[in-house]
>>> print(open('protein_39.cif').read())   # mmCIF, C-alpha atoms (C1' of nucleotides)
data_entry
#
loop_
_atom_site.label_atom_id
_atom_site.label_comp_id
_atom_site.auth_asym_id
_atom_site.auth_seq_id
_atom_site.Cartn_x
_atom_site.Cartn_y
_atom_site.Cartn_z
CA MET A 253 9.90 -12.98 -26.77
CA ASN A 254 9.18 -9.64 -28.29
CA ARG A 255 11.72 -6.94 -27.52
CA ARG A 256 8.99 -4.68 -26.21
CA THR A 257 7.33 -7.19 -23.97
CA ALA A 258 10.74 -8.22 -22.72
CA ILE A 259 11.38 -4.69 -21.54
CA THR A 260 8.02 -4.33 -19.82
CA THR A 261 8.33 -7.69 -18.17
CA GLN A 262 11.72 -6.70 -16.83
CA THR A 263 10.48 -3.33 -15.64
CA LYS A 264 7.55 -4.92 -13.86
CA GLN A 265 9.82 -7.45 -12.22
CA ASN A 266 12.24 -4.74 -11.12
CA LEU A 267 9.40 -2.90 -9.46
CA ILE A 268 8.23 -6.09 -7.79
CA ASP A 269 11.71 -6.88 -6.53
CA ALA A 270 12.17 -3.38 -5.19
CA PHE A 271 8.84 -3.59 -3.43
CA TRP A 272 9.67 -6.94 -1.90
CA SER A 273 13.00 -5.85 -0.49
CA LEU A 274 11.22 -2.96 1.16
CA TYR A 275 8.33 -5.12 2.33
CA CYS A 276 10.73 -7.46 4.12
CA ASP A 277 11.95 -4.59 6.27
CA MET A 278 8.94 -2.38 6.85
CA ARG A 279 5.19 -2.40 7.18
CA ILE A 280 3.43 -1.96 3.86
CA GLU A 281 1.71 1.21 5.08
CA LYS A 282 5.05 2.92 5.33
CA ILE A 283 6.13 2.02 1.81
CA THR A 284 5.57 4.85 -0.63
CA ILE A 285 5.56 4.54 -4.38
CA LYS A 286 8.48 6.91 -4.39
CA ASP A 287 10.44 4.47 -2.27
CA ILE A 288 9.80 1.69 -4.75
CA THR A 289 10.65 3.58 -7.91
CA ASN A 290 13.70 5.17 -6.30
CA LYS A 291 15.01 1.74 -5.40
CA ALA A 292 14.19 0.29 -8.80
CA GLY A 293 15.57 3.28 -10.66
CA TYR A 294 12.45 4.56 -12.40
CA ASN A 295 10.34 7.65 -12.40
CA ARG A 296 7.48 7.56 -9.96
CA GLY A 297 4.98 7.89 -12.76
CA THR A 298 6.22 4.71 -14.38
CA PHE A 299 4.88 2.77 -11.44
CA TYR A 300 1.33 3.60 -12.45
CA GLU A 301 1.91 2.01 -15.85
CA TYR A 302 2.12 -1.33 -14.10
CA PHE A 303 0.31 -1.15 -10.79
CA LYS A 304 -2.65 0.64 -9.31
CA ASP A 305 -1.08 1.29 -5.93
CA VAL A 306 1.29 -0.27 -3.43
CA TYR A 307 -1.23 -2.92 -2.43
CA ASP A 308 -1.63 -3.97 -6.02
CA VAL A 309 1.99 -5.10 -6.06
CA LEU A 310 1.45 -7.21 -2.99
CA GLU A 311 -1.62 -8.76 -4.51
CA HIS A 312 0.30 -9.60 -7.65
CA ILE A 313 2.96 -11.34 -5.61
CA GLU A 314 0.41 -13.20 -3.52
CA ASP A 315 -1.49 -14.43 -6.56
CA SER A 316 1.69 -15.84 -8.03
CA LEU A 317 2.25 -17.78 -4.82
CA ILE A 318 -1.12 -19.49 -4.64
CA PRO A 319 -0.64 -22.98 -6.00
CA SER A 320 -2.80 -23.94 -8.94
CA LEU A 321 -4.68 -27.20 -8.96
CA ASP A 322 -2.33 -28.99 -11.33
CA GLU A 323 0.69 -27.77 -9.42
CA LEU A 324 -0.21 -29.76 -6.37
CA PRO A 325 0.32 -33.49 -6.75
CA PRO A 326 -2.90 -35.47 -6.75
CA ILE A 327 -3.84 -36.59 -3.30
CA THR A 328 -4.97 -40.12 -2.78
CA ILE A 329 -6.45 -41.65 0.29
CA GLY A 330 -4.31 -44.29 1.85
CA SER A 331 -1.14 -42.36 1.20
CA GLU A 332 1.54 -42.00 3.79
CA MET A 333 -0.38 -39.51 5.90
CA ARG A 334 -3.68 -41.32 5.47
CA GLY A 335 -5.42 -38.61 3.56
CA MET A 336 -4.22 -35.41 5.13
CA PRO A 337 -1.42 -34.30 2.85
CA THR A 338 0.74 -32.57 5.40
CA ASN A 339 3.88 -33.41 3.46
CA THR A 340 2.53 -31.82 0.32
CA PHE A 341 1.85 -28.69 2.27
CA LEU A 342 5.22 -28.67 3.99
CA GLU A 343 6.98 -29.01 0.65
CA LEU A 344 4.93 -26.20 -0.78
CA TYR A 345 5.85 -24.01 2.15
CA GLU A 346 9.52 -24.87 1.90
CA LYS A 347 9.60 -24.25 -1.83
CA ASN A 348 8.23 -20.74 -1.37
CA SER A 349 9.60 -20.11 2.07
CA LYS A 350 11.32 -16.90 1.09
CA TYR A 351 7.92 -15.36 0.48
CA TYR A 352 5.68 -17.46 2.70
CA ALA A 353 7.71 -16.79 5.82
CA VAL A 354 7.23 -13.06 5.34
CA LEU A 355 3.63 -13.06 4.14
CA LEU A 356 2.52 -15.41 6.89
CA GLY A 357 4.64 -13.75 9.56
CA ASP A 358 3.92 -10.94 11.96
CA GLY A 359 4.39 -8.18 9.41
CA GLY A 360 2.60 -10.11 6.69
CA ASP A 361 -0.91 -10.13 5.33
CA PRO A 362 -3.55 -12.04 7.28
CA ALA A 363 -5.61 -12.39 4.14
CA PHE A 364 -2.85 -14.42 2.51
CA ALA A 365 -3.29 -17.24 4.99
CA SER A 366 -6.96 -17.39 4.02
CA LYS A 367 -6.18 -17.30 0.32
CA LEU A 368 -3.76 -20.15 0.76
CA LYS A 369 -6.13 -22.22 2.84
CA ASN A 370 -8.98 -21.64 0.45
CA ALA A 371 -6.84 -22.76 -2.47
CA ILE A 372 -5.77 -25.99 -0.81
CA LYS A 373 -8.95 -26.83 1.03
CA PRO A 374 -11.13 -27.88 -1.93
CA ILE A 375 -8.45 -30.25 -3.14
CA ILE A 376 -8.38 -32.02 0.18
CA ILE A 377 -12.11 -31.99 0.73
CA GLN A 378 -12.77 -33.37 -2.70
CA GLU A 379 -10.99 -36.56 -1.71
CA PHE A 380 -13.45 -37.25 1.06
CA ALA A 381 -16.61 -35.70 -0.30
CA ASN A 382 -17.94 -38.89 -1.87
CA LYS A 383 -17.55 -41.03 1.23
CA PRO A 384 -20.97 -41.91 2.57
CA THR A 385 -20.23 -41.24 6.22
CA VAL A 386 -18.72 -37.83 5.79
CA ASN A 387 -20.15 -34.77 7.48
CA LEU A 388 -19.11 -32.07 5.05
CA GLN A 389 -19.52 -29.25 7.49
CA GLU A 390 -17.36 -30.90 10.11
CA LEU A 391 -14.79 -31.90 7.53
CA ASP A 392 -14.46 -28.27 6.59
CA TYR A 393 -13.51 -27.43 10.15
CA VAL A 394 -11.09 -30.31 10.40
CA VAL A 395 -9.25 -29.08 7.33
CA GLU A 396 -9.28 -25.53 8.64
CA TYR A 397 -7.84 -26.79 11.92
CA THR A 398 -5.10 -28.71 10.16
CA LEU A 399 -4.04 -25.97 7.79
CA SER A 400 -4.07 -23.37 10.55
CA ALA A 401 -1.84 -25.56 12.68
CA MET A 402 0.56 -26.23 9.78
CA ILE A 403 0.85 -22.60 8.83
CA GLY A 404 1.32 -21.53 12.43
CA MET A 405 3.94 -24.18 13.03
CA MET A 406 5.95 -23.50 9.88
CA SER A 407 5.86 -19.75 10.34
CA TYR A 408 7.03 -20.15 13.87
CA TRP A 409 9.81 -22.46 12.76
CA TYR A 410 11.09 -19.97 10.22
CA ARG A 411 11.02 -17.21 12.79
CA GLN A 412 13.29 -19.08 15.21
CA THR A 413 17.01 -18.56 15.18
CA ASP A 414 17.96 -21.91 16.67
CA LYS A 415 15.54 -24.14 14.86
CA LEU A 416 14.43 -27.61 15.71
CA PRO A 417 16.09 -29.89 13.12
CA SER A 418 13.93 -30.14 10.02
CA ASP A 419 13.37 -33.89 10.19
CA GLN A 420 12.42 -33.63 13.86
CA LEU A 421 9.86 -30.98 12.92
CA HIS A 422 8.39 -33.20 10.23
CA GLU A 423 8.26 -36.13 12.62
CA LEU A 424 6.53 -34.04 15.26
CA ILE A 425 3.92 -32.78 12.82
CA LYS A 426 3.25 -36.31 11.69
CA LYS A 427 2.73 -37.48 15.26
CA LEU A 428 0.49 -34.54 16.11
CA THR A 429 -1.61 -35.20 13.04
CA GLU A 430 -2.00 -38.90 13.68
CA GLN A 431 -2.20 -39.01 17.45
CA GLY A 432 -3.30 -35.57 18.56
CA ILE A 433 -1.82 -33.13 20.98
CA THR A 434 -2.58 -34.75 24.29
CA ARG A 435 -0.37 -37.76 23.63
CA GLN A 436 2.59 -35.49 22.87
CA LEU A 437 2.49 -33.87 26.26
CA PRO A 438 4.83 -35.14 28.98
CA ALA A 439 2.06 -35.52 31.54
CA PHE A 440 0.26 -38.10 29.50
CA MET B 264 -12.14 10.71 39.55
CA ASN B 265 -10.92 14.19 38.77
CA ARG B 266 -13.13 16.15 36.42
CA ARG B 267 -10.16 16.87 34.16
CA THR B 268 -8.94 13.34 33.92
CA ALA B 269 -12.53 12.24 33.42
CA ILE B 270 -12.68 14.41 30.34
CA THR B 271 -9.47 13.06 28.88
CA THR B 272 -10.44 9.51 29.60
CA GLN B 273 -13.74 10.05 27.87
CA THR B 274 -12.11 11.77 24.91
CA LYS B 275 -9.61 9.00 24.52
CA GLN B 276 -12.34 6.40 24.67
CA ASN B 277 -14.42 8.28 22.13
CA LEU B 278 -11.49 8.28 19.76
CA ILE B 279 -10.92 4.58 20.35
CA ASP B 280 -14.57 3.76 19.73
CA ALA B 281 -14.64 5.80 16.56
CA PHE B 282 -11.51 4.04 15.34
CA TRP B 283 -12.91 0.62 16.09
CA SER B 284 -16.16 1.16 14.24
CA LEU B 285 -14.12 2.22 11.23
CA TYR B 286 -11.65 -0.64 11.63
CA CYS B 287 -14.46 -3.18 11.53
CA ASP B 288 -15.44 -1.99 8.07
CA MET B 289 -12.19 -1.02 6.36
CA ARG B 290 -8.50 -1.81 6.19
CA ILE B 291 -6.46 0.20 8.64
CA GLU B 292 -4.41 1.73 5.83
CA LYS B 293 -7.50 3.45 4.54
CA ILE B 294 -8.44 4.98 7.87
CA THR B 295 -7.35 8.59 8.14
CA ILE B 296 -7.05 10.57 11.32
CA LYS B 297 -9.61 12.91 9.87
CA ASP B 298 -12.07 10.01 9.62
CA ILE B 299 -11.61 9.19 13.27
CA THR B 300 -11.91 12.71 14.62
CA ASN B 301 -14.86 13.49 12.37
CA LYS B 302 -16.70 10.44 13.66
CA ALA B 303 -15.81 11.20 17.27
CA GLY B 304 -16.58 14.90 16.92
CA TYR B 305 -13.16 16.40 17.61
CA ASN B 306 -10.64 18.49 15.80
CA ARG B 307 -8.02 16.54 13.95
CA GLY B 308 -5.27 18.08 16.05
CA THR B 309 -6.80 16.71 19.25
CA PHE B 310 -6.00 13.21 18.06
CA TYR B 311 -2.29 13.89 18.46
CA GLU B 312 -2.80 14.74 22.11
CA TYR B 313 -3.66 11.10 22.72
CA PHE B 314 -2.11 8.98 19.99
CA LYS B 315 0.94 9.04 17.81
CA ASP B 316 -0.83 7.81 14.69
CA VAL B 317 -3.61 5.49 13.59
CA TYR B 318 -1.57 2.40 14.42
CA ASP B 319 -1.03 3.62 17.93
CA VAL B 320 -4.77 3.32 18.55
CA LEU B 321 -4.77 -0.25 17.34
CA GLU B 322 -1.84 -1.09 19.58
CA HIS B 323 -3.64 0.39 22.55
CA ILE B 324 -6.67 -1.77 21.87
CA GLU B 325 -4.58 -4.88 21.35
CA ASP B 326 -2.70 -4.40 24.60
CA SER B 327 -5.94 -4.17 26.49
CA LEU B 328 -7.01 -7.51 24.99
CA ILE B 329 -3.97 -9.53 25.98
CA PRO B 330 -4.91 -11.51 29.08
CA SER B 331 -2.77 -10.95 32.12
CA LEU B 332 -1.42 -13.88 34.09
CA ASP B 333 -3.87 -13.58 36.96
CA GLU B 334 -6.76 -13.19 34.58
CA LEU B 335 -6.36 -16.69 33.26
CA PRO B 336 -7.47 -19.40 35.66
CA PRO B 337 -4.63 -21.54 36.94
CA ILE B 338 -4.02 -24.54 34.78
CA THR B 339 -3.49 -27.88 36.40
CA ILE B 340 -2.44 -31.10 34.81
CA GLY B 341 -5.02 -33.78 34.93
CA SER B 342 -7.80 -31.35 34.25
CA GLU B 343 -10.55 -32.09 31.81
CA MET B 344 -8.39 -31.65 28.72
CA ARG B 345 -5.40 -33.40 30.24
CA GLY B 346 -3.12 -30.42 30.36
CA MET B 347 -3.88 -28.52 27.22
CA PRO B 348 -6.34 -25.88 28.33
CA THR B 349 -8.35 -25.58 25.17
CA ASN B 350 -11.47 -24.68 27.10
CA THR B 351 -9.71 -21.83 28.81
CA PHE B 352 -8.67 -20.51 25.46
CA LEU B 353 -12.09 -20.95 23.91
CA GLU B 354 -13.69 -19.06 26.76
CA LEU B 355 -11.17 -16.28 26.42
CA TYR B 356 -11.93 -16.05 22.72
CA GLU B 357 -15.65 -16.02 23.27
CA LYS B 358 -15.42 -13.39 25.99
CA ASN B 359 -13.56 -11.04 23.67
CA SER B 360 -15.02 -12.28 20.42
CA LYS B 361 -16.20 -8.85 19.35
CA TYR B 362 -12.57 -7.79 19.08
CA TYR B 363 -10.80 -11.11 18.55
CA ALA B 364 -12.88 -12.05 15.54
CA VAL B 365 -11.83 -8.86 13.79
CA LEU B 366 -8.21 -8.70 14.91
CA LEU B 367 -7.60 -12.35 14.07
CA GLY B 368 -9.58 -12.23 10.82
CA ASP B 369 -8.59 -11.44 7.27
CA GLY B 370 -8.54 -7.71 7.76
CA GLY B 371 -6.90 -7.97 11.15
CA ASP B 372 -3.36 -7.76 12.44
CA PRO B 373 -1.14 -10.81 12.10
CA ALA B 374 1.01 -9.55 14.93
CA PHE B 375 -1.91 -9.84 17.32
CA ALA B 376 -2.02 -13.60 16.92
CA SER B 377 1.62 -13.72 17.96
CA LYS B 378 1.07 -11.41 20.89
CA LEU B 379 -1.78 -13.58 22.07
CA LYS B 380 0.14 -16.82 21.66
CA ASN B 381 3.18 -15.42 23.42
CA ALA B 382 1.03 -14.31 26.33
CA ILE B 383 -0.61 -17.70 26.80
CA LYS B 384 2.31 -19.94 25.93
CA PRO B 385 4.44 -19.44 29.04
CA ILE B 386 1.49 -20.23 31.28
CA ILE B 387 0.99 -23.56 29.56
CA ILE B 388 4.64 -24.43 29.26
CA GLN B 389 5.25 -23.69 32.90
CA GLU B 390 2.96 -26.58 33.81
CA PHE B 391 5.15 -29.09 32.06
CA ALA B 392 8.56 -27.54 32.43
CA ASN B 393 9.44 -29.45 35.59
CA LYS B 394 8.58 -32.88 34.24
CA PRO B 395 11.74 -34.91 33.81
CA THR B 396 10.94 -36.30 30.36
CA VAL B 397 10.00 -33.07 28.74
CA ASN B 398 11.80 -31.77 25.68
CA LEU B 399 11.31 -28.05 26.11
CA GLN B 400 12.03 -27.19 22.52
CA GLU B 401 9.52 -29.71 21.18
CA LEU B 402 6.97 -28.64 23.76
CA ASP B 403 7.25 -25.13 22.46
CA TYR B 404 6.24 -26.31 19.02
CA VAL B 405 3.40 -28.42 20.32
CA VAL B 406 1.93 -25.40 22.06
CA GLU B 407 2.44 -23.29 18.96
CA TYR B 408 0.66 -25.95 16.93
CA THR B 409 -2.25 -26.08 19.32
CA LEU B 410 -2.76 -22.35 19.65
CA SER B 411 -2.47 -21.83 15.90
CA ALA B 412 -5.10 -24.47 15.31
CA MET B 413 -7.44 -23.01 17.94
CA ILE B 414 -7.12 -19.48 16.65
CA GLY B 415 -7.61 -20.60 13.06
CA MET B 416 -10.63 -22.68 13.94
CA MET B 417 -12.34 -20.04 16.06
CA SER B 418 -11.72 -17.28 13.57
CA TYR B 419 -13.11 -19.43 10.83
CA TRP B 420 -16.13 -20.25 12.92
CA TYR B 421 -16.90 -16.61 13.56
CA ARG B 422 -16.53 -15.85 9.86
CA GLN B 423 -19.18 -18.39 8.84
CA THR B 424 -22.78 -17.37 8.38
CA ASP B 425 -24.31 -20.78 9.05
CA LYS B 426 -22.16 -21.90 11.91
CA LEU B 427 -21.63 -25.37 13.24
CA PRO B 428 -23.49 -25.47 16.58
CA SER B 429 -21.25 -24.23 19.36
CA ASP B 430 -21.28 -27.46 21.38
CA GLN B 431 -20.48 -29.47 18.26
CA LEU B 432 -17.51 -27.20 17.65
CA HIS B 433 -16.26 -27.69 21.19
CA GLU B 434 -16.70 -31.43 20.90
CA LEU B 435 -14.79 -31.50 17.62
CA ILE B 436 -11.92 -29.49 19.03
CA LYS B 437 -11.73 -31.83 21.99
CA LYS B 438 -11.56 -34.87 19.75
CA LEU B 439 -8.95 -33.31 17.48
CA THR B 440 -6.82 -32.43 20.48
CA GLU B 441 -7.04 -35.84 22.09
CA GLN B 442 -7.04 -38.11 19.05
CA GLY B 443 -5.48 -36.13 16.23
CA ILE B 444 -6.69 -35.30 12.79
CA THR B 445 -6.33 -38.61 11.03
CA ARG B 446 -8.96 -40.31 13.17
CA GLN B 447 -11.49 -37.60 12.37
CA LEU B 448 -11.30 -38.24 8.64
CA PRO B 449 -13.92 -40.43 7.01
CA ALA B 450 -11.35 -42.63 5.26
CA PHE B 451 -9.93 -43.84 8.51
"C1'" DT C 216 14.37 -1.80 -47.81
"C1'" DT C 217 12.60 2.53 -46.46
"C1'" DG C 218 10.04 5.81 -44.16
"C1'" DA C 219 5.68 7.24 -42.31
"C1'" DA C 220 2.13 6.08 -39.09
"C1'" DT C 221 1.15 3.97 -34.83
"C1'" DC C 222 1.87 2.51 -30.41
"C1'" DA C 223 4.26 1.70 -25.95
"C1'" DT C 224 7.27 3.45 -22.53
"C1'" DA C 225 8.97 6.77 -19.38
"C1'" DC C 226 8.93 11.32 -17.40
"C1'" DA C 227 7.78 16.27 -15.59
"C1'" DA C 228 4.46 18.95 -13.60
"C1'" DC C 229 0.15 19.74 -11.23
"C1'" DA C 230 -3.89 19.64 -8.11
"C1'" DG C 231 -5.87 17.50 -4.19
"C1'" DG C 232 -5.46 15.69 0.11
"C1'" DA C 233 -3.24 13.76 4.47
"C1'" DT C 234 0.18 14.49 7.92
"C1'" DG C 235 2.21 16.35 12.00
"C1'" DT C 236 3.39 20.67 14.40
"C1'" DT C 237 2.81 25.30 16.47
"C1'" DG C 238 0.59 28.84 18.87
"C1'" DG C 239 -3.50 30.44 20.93
"C1'" DA C 240 -8.37 30.33 23.14
"C1'" DT C 241 -11.31 28.31 26.53
"C1'" DG C 242 -12.38 26.40 30.73
"C1'" DA C 243 -10.98 23.60 34.96
"C1'" DT C 244 -7.98 23.31 39.13
"C1'" DT C 245 -5.42 25.15 42.95
"C1'" DA D 8 -5.90 35.25 40.49
"C1'" DA D 9 -2.50 32.18 38.63
"C1'" DT D 10 -1.65 27.98 36.51
"C1'" DC D 11 -2.50 24.19 33.79
"C1'" DA D 12 -4.92 20.94 30.65
"C1'" DT D 13 -7.82 20.41 26.77
"C1'" DC D 14 -9.09 21.45 22.35
"C1'" DC D 15 -8.83 23.79 17.97
"C1'" DA D 16 -7.31 26.71 13.68
"C1'" DA D 17 -3.84 27.30 10.56
"C1'" DC D 18 0.53 26.17 8.32
"C1'" DA D 19 4.29 23.87 5.85
"C1'" DT D 20 5.46 19.53 4.08
"C1'" DC D 21 4.89 15.42 1.91
"C1'" DC D 22 2.42 11.70 -0.74
"C1'" DT D 23 -0.81 10.53 -4.17
"C1'" DG D 24 -2.68 9.81 -8.62
"C1'" DT D 25 -3.54 12.11 -13.12
"C1'" DT D 26 -2.50 14.52 -17.40
"C1'" DG D 27 0.16 15.90 -21.17
"C1'" DT D 28 4.41 15.08 -23.69
"C1'" DA D 29 8.89 13.33 -25.51
"C1'" DT D 30 11.38 9.31 -26.93
"C1'" DG D 31 12.01 5.11 -28.97
"C1'" DA D 32 10.07 0.60 -30.84
"C1'" DT D 33 7.03 -1.78 -34.16
"C1'" DT D 34 4.30 -2.26 -38.25
"C1'" DC D 35 3.05 -1.98 -42.93
"C1'" DA D 36 2.58 0.00 -47.46
"C1'" DA D 37 5.17 1.73 -51.24
#
>>> encode(input="protein_39.cif", output="structure tokens")
Amino acid sequence: MNRRTAITTQTKQNLIDAFWSLYCDMRIEKITIKDITNKAGYNRGTFYEYFKDVYDVLEHIEDSLIPSLDELPPITIGSEMRGMPTNTFLELYEKNSKYYAVLLGDGGDPAFASKLKNAIKPIIIQEFANKPTVNLQELDYVVEYTLSAMIGMMSYWYRQTDKLPSDQLHELIKKLTEQGITRQLPAF
Amino acid sequence: MNRRTAITTQTKQNLIDAFWSLYCDMRIEKITIKDITNKAGYNRGTFYEYFKDVYDVLEHIEDSLIPSLDELPPITIGSEMRGMPTNTFLELYEKNSKYYAVLLGDGGDPAFASKLKNAIKPIIIQEFANKPTVNLQELDYVVEYTLSAMIGMMSYWYRQTDKLPSDQLHELIKKLTEQGITRQLPAF
DNA sequence: TTGAATCATACAACAGGATGTTGGATGATT
DNA sequence: AATCATCCAACATCCTGTTGTATGATTCAA
């Protein structure tokens, strides 16, 4: 890599890292550009060489966390989860948990959940779109339901101090996906 | 009511209404106190008589939208949805949809979803807590799963322009709750 | 290889605007 | 008439985003 681009890349990353360490502790509205550059060790003006404003940094981070099509393993019907790739999603979450847990948590960005869902949704839907019996509109809602449940569950899990064991969590999700909620309730 | 308190109540409400109409159109970070007081027709200083800052207004609104225990109808096992009161939740959402759809949407507040879940969760859990077979920790996750899915689904529904018919949505949610996701997929 | 031209990087300083506080005027309550 | 609440004007402070400039890196022709 060019010496020059190496420097700029590093500077940008330093700013990103400084932002993230602040973002983990405080609401984004309270983060000033001064805070970021102070922490990263740059002049405040330097920030504007790389980002438009504080929200631009967040967007940059979010974009880098949205999986690209080829990053996700191809999904085939008849796989372990019979079409709904919960495991793929869980692995994705775990891989990026450092960021996901914050972005999808209480102090995070509600738009990120949508971005994530919208990135994954077409991949899943595509698998079923050519089936003759499929109602595309309903399918859309089923996928929305699933992804919302997954995200909610995982975020909650990461928020807990005494967590359910990981394999028990995975098992529970699998059962909920395949059998529904009612059957998991003690009264049933 | 006292004339004086009537005035303050009205002023406070005017400020809240002005805030909400702005909040529906723009991110909260972009809303200035000047915007609010201009819209409501007060001096900027008056705002500080009632609220600490812009976020304080949002908190006030959110608190008024969290259902109290006696507001929610008592939940009994063996009811229509066999214990998981999805209908109760759907009705709650629809009753407050003007606010819920915004607060739980992309430009909303992720903390509100948690507040809402935490308010409803104990009511549901209480119904099962005394069953001998229940695993309280797992139950907690099942409820989290359910509420996350409901909130995600409803928010998505309100975001759509050409919505699935309401009764079809309710029917789909019922099936997903009772039978799981896998059985709703065309490949199954 | 050298050195002059060009470009990128980082910074200081400034104007504009938002914030939160203080002290005072007006009008209601007692 | 005295007291108190409501509302507002004005102020100091801080944050923002832009502009102009100095420093150092890269390029290319001689």
>>> residues_around(input="protein_39.cif", residues="stretch 305-313 of chain A", least_positions_apart="6", cutoff="8 Å", atoms="only C-alpha atoms (C1' of nucleotides)", output="JSON, numbers by chain")
{"A": [268, 271, 280, 283, 284, 285]}
>>> residues_around(input="protein_39.cif", residues="stretch 441-446 of chain B", least_positions_apart="2", cutoff="7 Å", atoms="all atoms listed in the file", output="PDB file with C-alpha atoms, in the coordinates of the input")
ATOM      1  CA  ARG A 334      -3.680 -41.320   5.470  1.00  0.00           C
ATOM      2  CA  LEU A 428       0.490 -34.540  16.110  1.00  0.00           C
ATOM      3  CA  THR A 429      -1.610 -35.200  13.040  1.00  0.00           C
ATOM      4  CA  GLU A 430      -2.000 -38.900  13.680  1.00  0.00           C
ATOM      5  CA  GLN A 431      -2.200 -39.010  17.450  1.00  0.00           C
ATOM      6  CA  GLY A 432      -3.300 -35.570  18.560  1.00  0.00           C
ATOM      7  CA  ILE A 433      -1.820 -33.130  20.980  1.00  0.00           C
ATOM      8  CA  THR A 434      -2.580 -34.750  24.290  1.00  0.00           C
TER       9      THR A 434
ATOM     10  CA  LYS B 437     -11.730 -31.830  21.990  1.00  0.00           C
ATOM     11  CA  LYS B 438     -11.560 -34.870  19.750  1.00  0.00           C
ATOM     12  CA  LEU B 439      -8.950 -33.310  17.480  1.00  0.00           C
ATOM     13  CA  LEU B 448     -11.300 -38.240   8.640  1.00  0.00           C
ATOM     14  CA  PHE B 451      -9.930 -43.840   8.510  1.00  0.00           C
TER      15      PHE B 451
END
>>> resolve_selection(input="protein_39.cif", expression="the PyMOL selection byres ((chain D and resi 20) around 9)", output="ChimeraX atom specification")
/C:234 /D:19,21
>>> residues_around(input="protein_39.cif", residues="stretch 418-429 of chain B", least_positions_apart="2", cutoff="10 Å", atoms="all atoms listed in the file", output="list in words")
Ser366, Gln389, Glu390, Asp392, Tyr393, Glu396, Tyr397 and Ser400 of chain A; Tyr356, Glu357, Ser360, Lys361, Tyr363, Ala364, Val365, Leu366, Leu367, Gly368, Asp369, Ala412, Met413, Ile414, Gly415, Met416, Gln431, Leu432, His433, Glu434 and Leu435 of chain B
>>> write_last_selection(input="protein_39.cif", atoms="C-alpha atoms", output="compact mmCIF listing (two decimals), in the coordinates of the input")
# COMPACT_ATOMS: atom_id res chain seq x y z
CA SER A 366 -6.96 -17.39 4.02
CA GLN A 389 -19.52 -29.25 7.49
CA GLU A 390 -17.36 -30.90 10.11
CA ASP A 392 -14.46 -28.27 6.59
CA TYR A 393 -13.51 -27.43 10.15
CA GLU A 396 -9.28 -25.53 8.64
CA TYR A 397 -7.84 -26.79 11.92
CA SER A 400 -4.07 -23.37 10.55
CA TYR B 356 -11.93 -16.05 22.72
CA GLU B 357 -15.65 -16.02 23.27
CA SER B 360 -15.02 -12.28 20.42
CA LYS B 361 -16.20 -8.85 19.35
CA TYR B 363 -10.80 -11.11 18.55
CA ALA B 364 -12.88 -12.05 15.54
CA VAL B 365 -11.83 -8.86 13.79
CA LEU B 366 -8.21 -8.70 14.91
CA LEU B 367 -7.60 -12.35 14.07
CA GLY B 368 -9.58 -12.23 10.82
CA ASP B 369 -8.59 -11.44 7.27
CA ALA B 412 -5.10 -24.47 15.31
CA MET B 413 -7.44 -23.01 17.94
CA ILE B 414 -7.12 -19.48 16.65
CA GLY B 415 -7.61 -20.60 13.06
CA MET B 416 -10.63 -22.68 13.94
CA GLN B 431 -20.48 -29.47 18.26
CA LEU B 432 -17.51 -27.20 17.65
CA HIS B 433 -16.26 -27.69 21.19
CA GLU B 434 -16.70 -31.43 20.90
CA LEU B 435 -14.79 -31.50 17.62
>>> resolve_selection(input="protein_39.cif", expression="the PyMOL selection byres ((chain C and resi 231) around 12)", output="list in words")
DC229, DA230, DG232 and DA233 of chain C; DC22, DT23, DG24 and DT25 of chain D
>>> closest_residue(input="protein_39.cif", among="D:DA32, D:DA8, D:DA37, D:DA16", to="chain B", atoms="only C-alpha atoms (C1' of nucleotides)")
D:DA16
>>> resolve_selection(input="protein_39.cif", expression="the PyMOL selection byres ((chain A) within 10 of (chain C))", output="list in words")
Arg256, Thr257, Ile259, Thr260, Tyr294, Asn295, Arg296, Gly297, Thr298, Phe299 and Glu301 of chain A
>>> closest_residue(input="protein_39.cif", among="A:Asn339, A:Met406, A:Lys286, A:Thr385", to="chain D", atoms="only C-alpha atoms (C1' of nucleotides)")
A:Lys286
>>> closest_residue(input="protein_39.cif", among="B:Arg290, B:Pro330, B:Pro449, B:Pro373", to="A:Val394", atoms="all atoms listed in the file")
B:Pro449
>>> atom_distance(input="protein_39.cif", atom1="atom CA of A:Ala365", atom2="atom CA of B:Ile436")
20.5 Å
>>> atom_distance(input="protein_39.cif", atom1="atom CA of A:Glu379", atom2="atom CA of A:Val395")
11.9 Å
>>> interface_residues(input="protein_39.cif", of="chain D", to="chain B", cutoff="12 Å", atoms="all atoms listed in the file", output="PyMOL selection string")
chain D and resi 11-17
>>> closest_residue(input="protein_39.cif", among="A:Phe364, A:Asp419, A:Ala292, A:Lys373", to="chain B", atoms="all atoms listed in the file")
A:Phe364
>>> atom_distance(input="protein_39.cif", atom1="atom CA of A:Thr261", atom2="atom CA of A:Lys291")
17.2 Å
>>> axis_aligned_box(input="protein_39.cif", around="stretch 226-242 of chain C", padding_each_side="4 Å", output="JSON")
{"center_x": -1.7, "center_y": 20.9, "center_z": 6.7, "size_x": 29.3, "size_y": 27.1, "size_z": 56.1}
>>> decode(input="protein_39.cif", residues="stretch 391-397 of chain A", atoms="C-alpha atoms", output="mmCIF file, in the first residue's frame")
data_model
loop_
_atom_site.group_PDB
_atom_site.id
_atom_site.type_symbol
_atom_site.label_atom_id
_atom_site.label_comp_id
_atom_site.auth_asym_id
_atom_site.auth_seq_id
_atom_site.Cartn_x
_atom_site.Cartn_y
_atom_site.Cartn_z
ATOM 1 C CA LEU A 391 -43.788 -14.764 2.968
ATOM 2 C CA ASP A 392 -42.438 -11.279 3.441
ATOM 3 C CA TYR A 393 -44.177 -11.056 6.786
ATOM 4 C CA VAL A 394 -43.027 -14.494 7.854
ATOM 5 C CA VAL A 395 -39.422 -13.515 7.221
ATOM 6 C CA GLU A 396 -39.927 -10.214 9.017
ATOM 7 C CA TYR A 397 -41.386 -12.112 11.958
#
